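Read through the structure below, which is laid out as structure tokens, and then see the notes.
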Number of protein chains: 2
Amino acid sequence: MSLFDETLRRIDPLDRDAAAAAARRLDFLTKPRGSLGQLERLVCRYCAIRGNASGIIAAPAIAVFVADHGIAAEGVSAYPQSVTVEMLRNISSGGAAISVLARRFGYTLRVVDVGVATDTSRSPFPGVLYRRVGAGTRNFAHQPAMSPAETRRAIEIGIEIASELAGGATLIGIGEMGIANSTSAAAILSAITGLAPIEVAGRGTGLSDDDLRHKIGVISRALERHRSALTDGEAILSALGGFEIAAMAGVCLGGAALRVPVVVDGFIATAAAAAAERIFPGLFDYLFFGHQSAEGGHSRALDAMGVRPILNLAMRLGEGTGAALAMNTIDAALDLYRSMATFESAGVSEKIK
Amino acid sequence: MSLFDETLRRIDPLDRDAAAAAARRLDFLTKPRGSLGQLERLVCRYCAIRGNASGIIAAPAIAVFVADHGIAAEGVSAYPQSVTVEMLRNISSGGAAISVLARRFGYTLRVVDVGVATDTSRSPFPGVLYRRVGAGTRNFAHQPAMSPAETRRAIEIGIEIASELAGGATLIGIGEMGIANSTSAAAILSAITGLAPIEVAGRGTGLSDDDLRHKIGVISRALERHRSALTDGEAILSALGGFEIAAMAGVCLGGAALRVPVVVDGFIATAAAAAAERIFPGLFDYLFFGHQSAEGGHSRALDAMGVRPILNLAMRLGEGTGAALAMNTIDAALDLYRSMATFESAGVSEKIK
């Protein structure tokens, strides 16, 4: 059996008993019932995914996948394609936003080149894992971005990374970098949610009104061209996706199989999660959506899929930065859950009415 | 000149140059312009308050003020008054939610008894500062909660605590504990914003529909009784306030005088900030509103005052817990500001369109 099939086979239902046990314990803690609000829901779901009510969290990790996109040739990004490899170096040398946050929170940062146009694997950047599926995808304005075999390979890379990280981590964040990947993500989210490209596509790294209109046109025509091929999650990824998007979908699937919750970053990572949910319906139960991005129709797409993000800080940077801040929130919620006194242990009186 | 008058006299305008310098530096960092969203606005305002663009943050501290309320006799809380002193002990011994968060984030926690009904100062709880103005306020259903002298004393205690903490801290969070204080806070917010009690009052620690109706009635009648006395910020505090609310107002004023940003917690702390802004119009420039509480009309009150909170996690616990999480966000934003590479230092190409 392939790693892909084996992974899907291993995804079990959530542990509702663990969630119920966590909810009971939360009610014993010295606070009005439910007063930790969303933090309490995060704790219960974390326990349900992990399959126990201990609330223990170990060595959170963030996986950042970096790749290039053929669609960049259509002039859909405000930055040149060279920025992808430049940012790969910047992330690896500690200067990118995600580098700063991972260091600050003490989270493992795994940076993976899954297909940057410029191949640096011969004189590798320190700390970068090279798992290159190709030197960027093809231009999906004219042909499928990836072959079915490439898509499967990228997904399995994500599963492998999830598996490796899950050796230590009980919480994994996903992030990405790849010039033009908001065009790919918008196309995927449009295909999956049924929202029109104009409702989903955004300014990415900072397009003008004219450039945004052009980007929407590119997406609309591409969706038209590929329409008959958009039959399932993998097919959607092949037609419109990117190596890093498929790899993030793989982490979502792999995390679920290993009972390790995955925290989804912003717009691009949400496209990956949406494709993964198409591959395995019900997968969202295993994911946390970290934040509502300011990019394009992220909030509309989240609404359409019925999910609610943890934070809303109007960020639109990617790299896993929103996921990292959300992981820090989950981490704090679990600390409260494990460390607060109970009414009994603290000798605090209970509710009288 | 009194400490109170001296403090008001020392509050200067924000440093707009520092904010502009911070905004310029943010645009050099390796990220699309503005893509850190609200984090960038937090950085600029922090620098404007501090009066320099270094973005350095030192030893954040949280001050939690604890006191009792005469209005508790009206049956407006779901918990008995004894919980105030029990929670004072719980906070001091490390079992309360704010104890866990302060420990986790490495923030100084200053717990101050400004007037708990049960006087424990003779066999003091470890780590608690005793600055008791009285053994709880009077019942404002029948008379002013505090005398003008008590109000002034409580405000000055807050100023003193701000001053003491500002010796090391460049960011101060405020929180509180006091059975029935959401009734006092709702009355104050209603008096200041003009919103009706029914729009502002909430379930506090967990009232039923009937009990909430009763609470709203108590507040409405009290506002009626004290109406002619509600002439300014101090008078509103005297009539409807609490020792801990006046003390938190004092921290807001003291922080501004010392150019140390103060992070306001939820519903009760917002009432304190609103009273402080009445005392010194424009004071909100010096404050961060940490989170939108799930309590009653907190979001309505914030809207009415034109302020936007940092987080919205549906929490309604108080103690400074929302402030602590927001401080951790400001802290992370400043770390990004100070530690990220610039386009030049990282050799990353700039925008092309």
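Simple scheme: letters A, B, ... for chains in structure tokens order, numbers from 1 for residues in each chain, numbers from 1 for ligands in the order shown.
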For this session: Do me a favour and pick out the residues of chain A within 6 Å of chain B, using only C-alpha atoms, as a PyMOL selection string.
Result: chain A and resi 32+35-38+78-79+83+86+95-97+205+313-317+340-341+348-349+351-353
Same residues, C-alpha atoms, output as a PDB file, in the first residue's frame:
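Just written: selection37.pdb:
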```pdb
ATOM      1  CA  PRO A  32     -16.440  30.934  36.168  1.00  0.00           C
ATOM      2  CA  SER A  35     -14.999  32.023  31.066  1.00  0.00           C
ATOM      3  CA  LEU A  36     -11.857  31.130  29.141  1.00  0.00           C
ATOM      4  CA  GLY A  37     -14.055  31.168  26.052  1.00  0.00           C
ATOM      5  CA  GLN A  38     -12.334  30.029  22.902  1.00  0.00           C
ATOM      6  CA  ALA A  78       4.158  42.412  -7.254  1.00  0.00           C
ATOM      7  CA  TYR A  79       7.567  40.836  -6.616  1.00  0.00           C
ATOM      8  CA  VAL A  83      12.317  36.537  -4.221  1.00  0.00           C
ATOM      9  CA  GLU A  86      16.038  34.870  -1.662  1.00  0.00           C
ATOM     10  CA  GLY A  95      15.978  36.956   9.226  1.00  0.00           C
ATOM     11  CA  ALA A  96      12.419  36.227   8.106  1.00  0.00           C
ATOM     12  CA  ALA A  97       9.353  36.863  10.232  1.00  0.00           C
ATOM     13  CA  THR A 205       2.138  40.958  -1.782  1.00  0.00           C
ATOM     14  CA  LEU A 313      -4.743  40.415  13.415  1.00  0.00           C
ATOM     15  CA  ALA A 314      -5.146  41.555   9.781  1.00  0.00           C
ATOM     16  CA  MET A 315      -1.894  39.841   8.864  1.00  0.00           C
ATOM     17  CA  ARG A 316      -1.192  38.676   5.308  1.00  0.00           C
ATOM     18  CA  LEU A 317       2.410  37.561   5.335  1.00  0.00           C
ATOM     19  CA  MET A 340      -4.635  26.213  37.252  1.00  0.00           C
ATOM     20  CA  ALA A 341      -5.876  25.283  40.711  1.00  0.00           C
ATOM     21  CA  VAL A 348     -12.501  28.650  46.616  1.00  0.00           C
ATOM     22  CA  SER A 349     -16.293  28.652  47.083  1.00  0.00           C
ATOM     23  CA  LYS A 351     -21.394  29.193  42.488  1.00  0.00           C
ATOM     24  CA  ILE A 352     -24.462  29.920  44.623  1.00  0.00           C
ATOM     25  CA  LYS A 353     -26.976  30.726  41.925  1.00  0.00           C
TER      26      LYS A 353
END
```
For this session: Pick out the residues sitting within 12 Å of stretch 11-23 of chain A, and hand them over as a ChimeraX atom specification; count only C-alpha atoms, and ignore anything fewer than 6 positions along from it in its own chain.
Result: /A:4-5,29,33-34,36-37,39-56,252-261,280-287,334,337-338
Problem set entry | Surrounding residues of B:Glu164 excluding itself and chain neighbours under 2 positions, 12 Å, only C-alpha atoms, as an MDAnalysis selection string | chainID B and resid 61:63 108 110 157:162 166:170 172 251 254:255 258 260
Exercise. Neighbours of A:Leu129 within 7 Å (only C-alpha atoms; same-chain residues fewer than 3 positions away dropped), as a PyMOL selection string?
Worked result: chain A and resi 111-113
Exercise. Hey, can you check how far atom CA of A:Leu237 sits from atom CA of A:Pro309?
Worked result: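 Result for atom CA of A:Leu237 versus atom CA of A:Pro309: 23.1 Å, one decimal.
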For this session: One decimal, Å: what's the distance from atom CA of B:Gly202 over to atom CA of B:Gln143, could you say?
Result: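 Answer for the atom CA of B:Gly202 to atom CA of B:Gln143 separation: 22.8 Å.
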Exercise. Quick one: residues within 7 Å of A:His69, only C-alpha atoms counted, chain neighbours fewer than 4 positions away excluded, as a ChimeraX atom specification?
Worked result: /A:136-139,179-181,242
Using C-alpha atoms, can you export the residues from the last selection as an mmCIF file, in the first residue's frame?
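Output (out00.cif):
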```
data_model
loop_
_atom_site.group_PDB
_atom_site.id
_atom_site.type_symbol
_atom_site.label_atom_id
_atom_site.label_comp_id
_atom_site.auth_asym_id
_atom_site.auth_seq_id
_atom_site.Cartn_x
_atom_site.Cartn_y
_atom_site.Cartn_z
ATOM 1 C CA GLY A 136 8.767 25.228 -10.056
ATOM 2 C CA THR A 137 5.384 24.169 -11.370
ATOM 3 C CA ARG A 138 4.147 24.667 -14.923
ATOM 4 C CA ASN A 139 2.028 27.684 -15.847
ATOM 5 C CA ILE A 179 6.018 34.012 -5.444
ATOM 6 C CA ALA A 180 2.605 33.902 -7.180
ATOM 7 C CA ASN A 181 1.206 31.258 -4.865
ATOM 8 C CA GLY A 242 1.828 24.200 -6.211
#
```
Contacts of B:Glu176 at 8 Å (only C-alpha atoms; same-chain gap of 6+ positions) as a compact mmCIF listing (two decimals) with N, CA and C atoms, in the first residue's frame:
```txt
# COMPACT_ATOMS: atom_id res chain seq x y z
N VAL B 64 -2.66 43.43 39.40
CA VAL B 64 -4.02 42.95 39.65
C VAL B 64 -4.51 43.55 40.97
N PHE B 65 -5.59 44.31 40.89
CA PHE B 65 -6.16 44.97 42.06
C PHE B 65 -7.40 44.21 42.52
N VAL B 66 -7.47 43.97 43.83
CA VAL B 66 -8.54 43.14 44.37
C VAL B 66 -9.30 43.93 45.44
N GLU B 244 -10.75 48.93 43.31
CA GLU B 244 -9.85 48.37 42.29
C GLU B 244 -10.04 49.07 40.95
N ILE B 245 -11.27 49.55 40.70
CA ILE B 245 -11.52 50.25 39.44
C ILE B 245 -10.83 51.61 39.45
N ILE B 268 -14.24 45.13 33.16
CA ILE B 268 -14.06 45.95 34.36
C ILE B 268 -12.94 46.95 34.15
N ALA B 269 -11.82 46.47 33.57
CA ALA B 269 -10.68 47.36 33.33
C ALA B 269 -11.06 48.45 32.33
N GLY B 318 -11.47 38.14 33.43
CA GLY B 318 -10.84 39.21 34.21
C GLY B 318 -9.48 38.82 34.71
N GLU B 319 -9.07 39.39 35.86
CA GLU B 319 -7.76 39.11 36.50
C GLU B 319 -6.59 39.65 35.68
N GLY B 320 -6.86 40.22 34.49
CA GLY B 320 -5.77 40.62 33.61
C GLY B 320 -5.41 39.54 32.59
```
Exercise. Which of these residues is nearest to B:Ala117, using only C-alpha atoms: B:Arg225, B:His214, B:Arg132, B:Arg203?
Worked result: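 The answer is B:Arg132, which sits nearest to B:Ala117.
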Exercise. How many Å separate atom CA of B:Gly233 from atom CA of B:Met327?
Worked result: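 Straight-line distance from atom CA of B:Gly233 to atom CA of B:Met327 works out to 26.6 Å.
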Using DSSP on the backbone coordinates, identify the residues of stretch 9-83 of chain A assigned to strand (DSSP E); present them as a PDB file with C-alpha atoms, in the first residue's frame.
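Done, and the output landed in selection_0.pdb:
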```
ATOM      1  CA  ALA A  61       7.111  22.555  15.244  1.00  0.00           C
ATOM      2  CA  ILE A  62       6.495  24.649  12.152  1.00  0.00           C
ATOM      3  CA  ALA A  63       7.052  23.305   8.659  1.00  0.00           C
ATOM      4  CA  VAL A  64       7.558  25.927   5.958  1.00  0.00           C
ATOM      5  CA  PHE A  65       7.410  24.695   2.360  1.00  0.00           C
ATOM      6  CA  VAL A  66       8.960  26.798  -0.381  1.00  0.00           C
ATOM      7  CA  ALA A  67       8.384  26.459  -4.126  1.00  0.00           C
TER       8      ALA A  67
END
```
For this session: Rank A:Ala229, A:Val200, A:Ile219, A:Ile236 by their smallest atom-to-atom distance to A:Ala304, using only C-alpha atoms, and report the top residue only.
Result: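 Ranked by minimum distance to A:Ala304, first place goes to A:Val200.
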For this session: Can you check which residues of stretch 142-344 of chain B DSSP gives as helix (DSSP H, G or I) on the backbone and send them as a VMD selection string?
Result: chain B and resid 148 to 165 181 to 193 197 to 200 209 to 229 233 to 240 243 to 257 267 to 279 283 to 286 298 to 305 321 to 339 343 to 344
For this session: Compare B:Leu212, B:Ala154, B:Ala102, B:Ala326 by their minimum atom-to-atom distance to B:Phe243, counting only C-alpha atoms, and give me the closest one.
Result: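 Among the listed residues, the smallest separation from B:Phe243 belongs to B:Ala154.
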Can you pull out every residue within 7 Å of B:Glu234, counting only C-alpha atoms, but drop anything in the same chain fewer than 3 positions away, and send it as an mmCIF file with N, CA, C and O atoms, in the first residue's frame?
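Generated file (selection36.cif):
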```
data_model
loop_
_atom_site.group_PDB
_atom_site.id
_atom_site.type_symbol
_atom_site.label_atom_id
_atom_site.label_comp_id
_atom_site.auth_asym_id
_atom_site.auth_seq_id
_atom_site.Cartn_x
_atom_site.Cartn_y
_atom_site.Cartn_z
ATOM 1 N N THR B 151 -11.828 57.785 46.785
ATOM 2 C CA THR B 151 -11.613 57.662 45.340
ATOM 3 C C THR B 151 -10.231 58.183 44.967
ATOM 4 O O THR B 151 -9.465 57.517 44.258
ATOM 5 N N LEU B 237 -16.645 57.672 39.497
ATOM 6 C CA LEU B 237 -15.998 56.609 40.275
ATOM 7 C C LEU B 237 -16.502 56.604 41.710
ATOM 8 O O LEU B 237 -16.789 55.540 42.273
ATOM 9 N N SER B 238 -16.628 57.764 42.312
ATOM 10 C CA SER B 238 -17.093 57.837 43.705
ATOM 11 C C SER B 238 -18.488 57.245 43.839
ATOM 12 O O SER B 238 -18.758 56.450 44.740
ATOM 13 N N ILE B 279 -11.208 61.742 33.159
ATOM 14 C CA ILE B 279 -10.356 62.597 33.997
ATOM 15 C C ILE B 279 -9.320 63.324 33.138
ATOM 16 O O ILE B 279 -9.030 64.492 33.349
#
```
Exercise. Using only C-alpha atoms, which of the listed residues (A:Ile330, A:Ala135, A:Ala249, A:Ala187) sits closest to A:Leu223?
Worked result: A:Ala187
